[in-house]
Amino acid sequence: MAVMNSTIEKKLWDAADSMRTNSKLKSSEYATPVLGLIFLRFADYRFTLAEERVAKEFENSRRLPSKIDYQRQGVLFVPPTARYNYLLNLPEEEDIQQAVIQAMKDIEDENLSLKDVLPKQYRRVSKDILISLIKAFSEIEMQEHNGDTFGAVYEYFLSKFALSEGQKGGEFFTPTSLVRLIVEILEPNKGLLLDPACGSGGMFVQSGKFVKRHSGNPESDISIFGQENIADTVRLCKMNLAVHGLEGDVKECNTYYQNIHGCYHRMNYIMANPPFNAKGVDKERIKGDKRYPFGIPTNDNANYLWIQEFYSAMKPGEGKAGFVMANSAADARGTELEIRKQIIESKVVDVMISIGSNFFYTVTLPCTLWFFDNIKVHHNSDDTVLFIDARNTFTQIDRAHREFSLAQIEYIANIARLYHNKPIENLEGGADLLKELFPDKKYQDIPGLCKVATIDEIEAQGWSLNPGRYVGTQIEEFNEEDFLESLTALNAELQQLNQQAQQIERAIEENFLLLVNGNE
């Protein structure tokens, strides 16, 4: 979750959660109106700052500033009827629900990139609750945080909605600490950035923040491309980008069947948290698709379709990818093993990181972070892979949920930087955590933590990409859900082998009959 003042967090969440208590709305229904108000407040704040700059610019000019002058400041144009103070100070007898709806429409009319994006379901929110929300969000002091506070509020609310929404919430939110770790290792500083399963756009937001932290300009240094299969989530992503001062080309499509951005061999950076172990992909529709160069898995599991999607989107000689994947994919058998073998032999696999359980708000399963690099210019050798076991690195945020602290994120990323022969960073204290294990600031294998393995060593391990096989970690704690996931995968493989055995048995019987009949 976003790091904020806990008093502010609780106050704002309690105000928003009153909608669930005092209305008939479910989390999925009240999340969007609440996030819409957060968007409105932040857009107004940034516009207010731009007003001050524009006023100075036109101080001695005979011409009055226009909408274009504000948009040149990199902000959304907010008309008078959409200003937050206008809504906050409306007389009680006014129709506040209609006023908020109109504010959203007016912002869309003035900013075409947001056309049909902003929520307008405020008739479903009672007048009293809506007024209390507007007042609660107006009380955040943003100036002292240089405008970052509301971005943190937005991320915090996304995480809380994901938690309250359960499994469905995971469709639009990936825990921020995992996203930031992916970004810190990929270091997306310039070029085209793709998330083909973008959800609410967390990968884009953290990439923009990374560019800013390293003295860049995300508006000019990175170009954002997103794909998402759910229309409401596309809107949520566009709002999230706007809240953080970013723009991107985010489209609704089914990534399995549509390459809507022409991503093949085009992208500098690919980041994603695709759905784990998705089933039901129509394989007839994707036969011969160049995005799946190593073949279509025979089992009903889309993990290795996604992995090839990321692989094929990388720009030759430049592209990198980092993504979240189910643990079972690292050791999957059958045709998935054959695909994994070809990917490993192509020398793009760069870093593999095991993540412990309870990082997600919707499931307790552990996961693995995969990183591809198709040039490896900073490596001593291009036929090695860095394995990191980060399962014992975490911060417990409550009984059932964990995250990485900023220092822990930087610490893990610094291990990868040492492996890549890059300078380590210490913006968050991560370098201090390295001192004991890496006193000379040089990479070395640490039993139980990290190990560099060659492709020959990986072949000897049956082409497994499970970090535990190489790092030599202690015995894993039993995890029932992880066991059930593995058991389900093994059962599916067994069913597939049984079907193949039956086909072979029928073929033998038919050939035997042909031989017998032919000799009569």
# chains A, B, ... in the order shown; residues from 1 in each chain; ligands from 1
>>> select_by_dssp(residues="range 252-305 of chain A", states="helix (DSSP H, G or I)", output="MDAnalysis selection string")
chainID A and resid 283:286 303:305
>>> residues_around(residues="Ala390 in chain A", least_positions_apart="2", cutoff="10 Å", atoms="only C-alpha atoms", output="ChimeraX atom specification")
/A:353-356,368,387-388,392-394,404,408,412,448-450,467
>>> write_last_selection(atoms="all heavy atoms", output="short mmCIF file (atom, residue, chain, number, x, y, z; two decimals), in the first residue's frame")
data_model
loop_
_atom_site.label_atom_id
_atom_site.label_comp_id
_atom_site.auth_asym_id
_atom_site.auth_seq_id
_atom_site.Cartn_x
_atom_site.Cartn_y
_atom_site.Cartn_z
N ILE A 353 13.17 -14.13 -9.53
CA ILE A 353 13.05 -13.81 -8.11
C ILE A 353 11.84 -14.51 -7.51
O ILE A 353 10.71 -14.32 -7.98
CB ILE A 353 12.92 -12.29 -7.88
CG1 ILE A 353 14.10 -11.55 -8.51
CG2 ILE A 353 12.84 -11.98 -6.39
CD1 ILE A 353 14.02 -10.04 -8.36
N SER A 354 12.05 -15.29 -6.46
CA SER A 354 10.95 -15.92 -5.74
C SER A 354 10.38 -14.93 -4.73
O SER A 354 11.13 -14.32 -3.95
CB SER A 354 11.44 -17.16 -4.98
OG SER A 354 11.71 -18.21 -5.86
N ILE A 355 9.07 -14.78 -4.74
CA ILE A 355 8.36 -13.90 -3.82
C ILE A 355 7.51 -14.76 -2.89
O ILE A 355 6.85 -15.71 -3.34
CB ILE A 355 7.46 -12.90 -4.57
CG1 ILE A 355 8.27 -12.12 -5.62
CG2 ILE A 355 6.76 -11.95 -3.60
CD1 ILE A 355 9.34 -11.22 -5.06
N GLY A 356 7.49 -14.43 -1.61
CA GLY A 356 6.75 -15.23 -0.65
C GLY A 356 5.24 -15.07 -0.76
O GLY A 356 4.74 -14.31 -1.60
N THR A 368 6.49 -15.70 -8.71
CA THR A 368 7.86 -15.51 -9.19
C THR A 368 7.90 -14.32 -10.14
O THR A 368 7.00 -14.16 -10.96
CB THR A 368 8.37 -16.77 -9.92
OG1 THR A 368 8.21 -17.91 -9.09
CG2 THR A 368 9.84 -16.62 -10.30
N PHE A 387 19.51 -15.92 -9.98
CA PHE A 387 18.37 -16.39 -9.19
C PHE A 387 18.43 -15.76 -7.80
O PHE A 387 19.48 -15.79 -7.14
CB PHE A 387 18.41 -17.92 -9.06
CG PHE A 387 18.17 -18.64 -10.36
CD1 PHE A 387 19.24 -19.04 -11.16
CD2 PHE A 387 16.89 -18.91 -10.79
CE1 PHE A 387 19.04 -19.70 -12.35
CE2 PHE A 387 16.66 -19.58 -11.99
CZ PHE A 387 17.74 -19.97 -12.77
N ILE A 388 17.32 -15.18 -7.38
CA ILE A 388 17.22 -14.56 -6.06
C ILE A 388 16.02 -15.17 -5.33
O ILE A 388 14.93 -15.26 -5.89
CB ILE A 388 17.03 -13.03 -6.16
CG1 ILE A 388 18.22 -12.38 -6.85
CG2 ILE A 388 16.83 -12.42 -4.76
CD1 ILE A 388 18.05 -10.88 -7.08
N ASN A 392 12.16 -14.68 2.23
CA ASN A 392 12.36 -14.31 3.63
C ASN A 392 12.59 -12.82 3.81
O ASN A 392 12.93 -12.36 4.90
CB ASN A 392 13.55 -15.09 4.21
CG ASN A 392 13.26 -16.57 4.29
OD1 ASN A 392 12.16 -16.98 4.66
ND2 ASN A 392 14.24 -17.39 3.92
N THR A 393 12.39 -12.07 2.74
CA THR A 393 12.50 -10.61 2.81
C THR A 393 11.10 -10.03 2.66
O THR A 393 10.47 -10.16 1.60
CB THR A 393 13.39 -10.07 1.67
OG1 THR A 393 14.68 -10.68 1.76
CG2 THR A 393 13.53 -8.57 1.76
N PHE A 394 10.59 -9.41 3.69
CA PHE A 394 9.26 -8.81 3.63
C PHE A 394 9.02 -7.98 4.89
O PHE A 394 9.75 -8.08 5.88
CB PHE A 394 8.16 -9.87 3.50
CG PHE A 394 8.12 -10.88 4.61
CD1 PHE A 394 7.45 -10.62 5.81
CD2 PHE A 394 8.77 -12.11 4.48
CE1 PHE A 394 7.43 -11.55 6.83
CE2 PHE A 394 8.74 -13.04 5.50
CZ PHE A 394 8.08 -12.76 6.69
N PHE A 404 7.04 -5.29 0.56
CA PHE A 404 8.44 -4.89 0.70
C PHE A 404 8.47 -3.43 1.14
O PHE A 404 7.72 -2.60 0.61
CB PHE A 404 9.18 -5.01 -0.63
CG PHE A 404 9.37 -6.41 -1.12
CD1 PHE A 404 8.99 -6.77 -2.41
CD2 PHE A 404 9.97 -7.36 -0.32
CE1 PHE A 404 9.17 -8.06 -2.88
CE2 PHE A 404 10.15 -8.67 -0.78
CZ PHE A 404 9.76 -9.01 -2.06
N GLN A 408 13.87 -2.42 1.36
CA GLN A 408 13.95 -3.82 0.90
C GLN A 408 13.89 -3.91 -0.61
O GLN A 408 14.58 -4.72 -1.23
CB GLN A 408 12.84 -4.64 1.56
CG GLN A 408 13.07 -4.88 3.05
CD GLN A 408 11.84 -5.46 3.74
OE1 GLN A 408 10.71 -5.29 3.28
NE2 GLN A 408 12.05 -6.14 4.86
N ILE A 412 16.96 -5.54 -2.86
CA ILE A 412 16.85 -6.62 -3.84
C ILE A 412 17.30 -6.13 -5.22
O ILE A 412 18.02 -6.82 -5.94
CB ILE A 412 15.41 -7.15 -3.89
CG1 ILE A 412 15.01 -7.75 -2.54
CG2 ILE A 412 15.26 -8.21 -5.00
CD1 ILE A 412 13.54 -8.08 -2.41
N GLY A 448 21.30 -19.42 0.04
CA GLY A 448 20.01 -19.08 0.60
C GLY A 448 19.44 -17.77 0.09
O GLY A 448 18.28 -17.45 0.36
N LEU A 449 20.25 -16.99 -0.65
CA LEU A 449 19.77 -15.69 -1.14
C LEU A 449 19.88 -15.57 -2.65
O LEU A 449 18.89 -15.28 -3.33
CB LEU A 449 20.54 -14.55 -0.48
CG LEU A 449 20.22 -13.13 -0.97
CD1 LEU A 449 18.78 -12.78 -0.67
CD2 LEU A 449 21.18 -12.11 -0.35
N CYS A 450 21.07 -15.77 -3.21
CA CYS A 450 21.23 -15.53 -4.64
C CYS A 450 22.31 -16.44 -5.23
O CYS A 450 23.25 -16.85 -4.54
CB CYS A 450 21.57 -14.06 -4.91
SG CYS A 450 23.06 -13.45 -4.06
N PRO A 467 14.06 -20.54 -8.49
CA PRO A 467 15.27 -20.09 -7.78
C PRO A 467 15.71 -21.02 -6.66
O PRO A 467 16.91 -21.17 -6.41
CB PRO A 467 14.86 -18.72 -7.23
CG PRO A 467 13.87 -18.21 -8.22
CD PRO A 467 13.08 -19.43 -8.63
#
>>> select_by_dssp(residues="range 22-231 of chain A", states="strand (DSSP E)", output="PyMOL selection string")
chain A and resi 191-195+222-228
>>> closest_residue(among="A:Leu427, A:Val205, A:Leu194, A:Val34", to="Ser132 in chain A", atoms="only C-alpha atoms")
A:Val34
>>> residues_around(residues="Val75 in chain A", least_positions_apart="5", cutoff="8 Å", atoms="only C-alpha atoms", output="list in words")
Ala43, Arg46, Phe47, Ala50, Tyr70 and Gly245 of chain A
>>> residues_around(residues="His401 in chain A", least_positions_apart="5", cutoff="8 Å", atoms="only C-alpha atoms", output="ChimeraX atom specification")
/A:358-361,396
>>> residues_around(residues="Arg469 in chain A", least_positions_apart="3", cutoff="10 Å", atoms="only C-alpha atoms", output="JSON list (two decimals) with C-alpha atoms, in the first residue's frame")
[["chain", "number", "residue", "atom", "x", "y", "z"],
["A", 387, "PHE", "CA", 18.37, -16.39, -9.19],
["A", 451, "LYS", "CA", 23.10, -17.61, -7.20],
["A", 458, "ILE", "CA", 19.97, -24.97, -15.78],
["A", 461, "GLN", "CA", 18.23, -29.11, -13.45],
["A", 464, "SER", "CA", 13.83, -25.43, -14.22],
["A", 465, "LEU", "CA", 13.72, -21.70, -13.48],
["A", 466, "ASN", "CA", 12.78, -22.16, -9.84],
["A", 472, "GLY", "CA", 19.88, -23.75, -1.89],
["A", 473, "THR", "CA", 17.20, -22.42, 0.41]]
>>> closest_atom_pairs(of="range 179-229 of chain A", to="range 309-328 of chain A", cutoff="8 Å", atoms="only C-alpha atoms", output="Markdown table")
| residue | atom | partner | partner_atom | distance |
| --- | --- | --- | --- | --- |
| A:Ile182 | CA | A:Gly322 | CA | 5.9 |
| A:Val183 | CA | A:Gly322 | CA | 7.9 |
| A:Leu186 | CA | A:Gly322 | CA | 6.7 |
>>> write_last_selection(atoms="all heavy atoms", output="short mmCIF file (atom, residue, chain, number, x, y, z; two decimals), in the first residue's frame")
data_model
loop_
_atom_site.label_atom_id
_atom_site.label_comp_id
_atom_site.auth_asym_id
_atom_site.auth_seq_id
_atom_site.Cartn_x
_atom_site.Cartn_y
_atom_site.Cartn_z
N ILE A 182 9.79 -4.50 -9.81
CA ILE A 182 9.95 -4.75 -11.24
C ILE A 182 10.55 -3.54 -11.93
O ILE A 182 11.49 -3.64 -12.73
CB ILE A 182 8.60 -5.13 -11.87
CG1 ILE A 182 8.15 -6.51 -11.40
CG2 ILE A 182 8.68 -5.10 -13.41
CD1 ILE A 182 6.76 -6.91 -11.85
N VAL A 183 10.03 -2.36 -11.61
CA VAL A 183 10.51 -1.13 -12.24
C VAL A 183 11.96 -0.85 -11.86
O VAL A 183 12.78 -0.47 -12.71
CB VAL A 183 9.60 0.06 -11.83
CG1 VAL A 183 10.22 1.39 -12.25
CG2 VAL A 183 8.21 -0.10 -12.45
N LEU A 186 14.15 -3.22 -13.94
CA LEU A 186 14.13 -2.92 -15.39
C LEU A 186 14.72 -1.56 -15.70
O LEU A 186 15.28 -1.34 -16.77
CB LEU A 186 12.70 -2.97 -15.91
CG LEU A 186 12.11 -4.33 -16.29
CD1 LEU A 186 10.82 -4.14 -17.05
CD2 LEU A 186 13.07 -5.16 -17.11
#
>>> residues_around(residues="Leu386 in chain A", least_positions_apart="4", cutoff="7 Å", atoms="only C-alpha atoms", output="PyMOL selection string")
chain A and resi 350-352+451-453
>>> residues_around(residues="Asn303 in chain A", least_positions_apart="2", cutoff="8 Å", atoms="only C-alpha atoms", output="MDAnalysis selection string")
chainID A and resid 276:278 301 305:307 325:326 329
>>> closest_residue(among="A:Tyr470, A:Phe204, A:Phe42, A:Tyr30", to="Ile140 in chain A", atoms="only C-alpha atoms")
A:Phe42
>>> closest_residue(among="A:Asp44, A:Glu459, A:Glu187, A:Glu52", to="Gln206 in chain A", atoms="only C-alpha atoms")
A:Glu187
>>> atom_distance(atom1="CA of Ala302 in chain A", atom2="CA of Pro196 in chain A")
13.8 Å
>>> closest_residue(among="A:Ser357, A:Leu12, A:Arg391, A:Thr454", to="Phe157 in chain A", atoms="only C-alpha atoms")
A:Leu12
>>> closest_residue(among="A:Tyr256, A:Trp13, A:Tyr411, A:Tyr86", to="Glu184 in chain A", atoms="only C-alpha atoms")
A:Tyr411
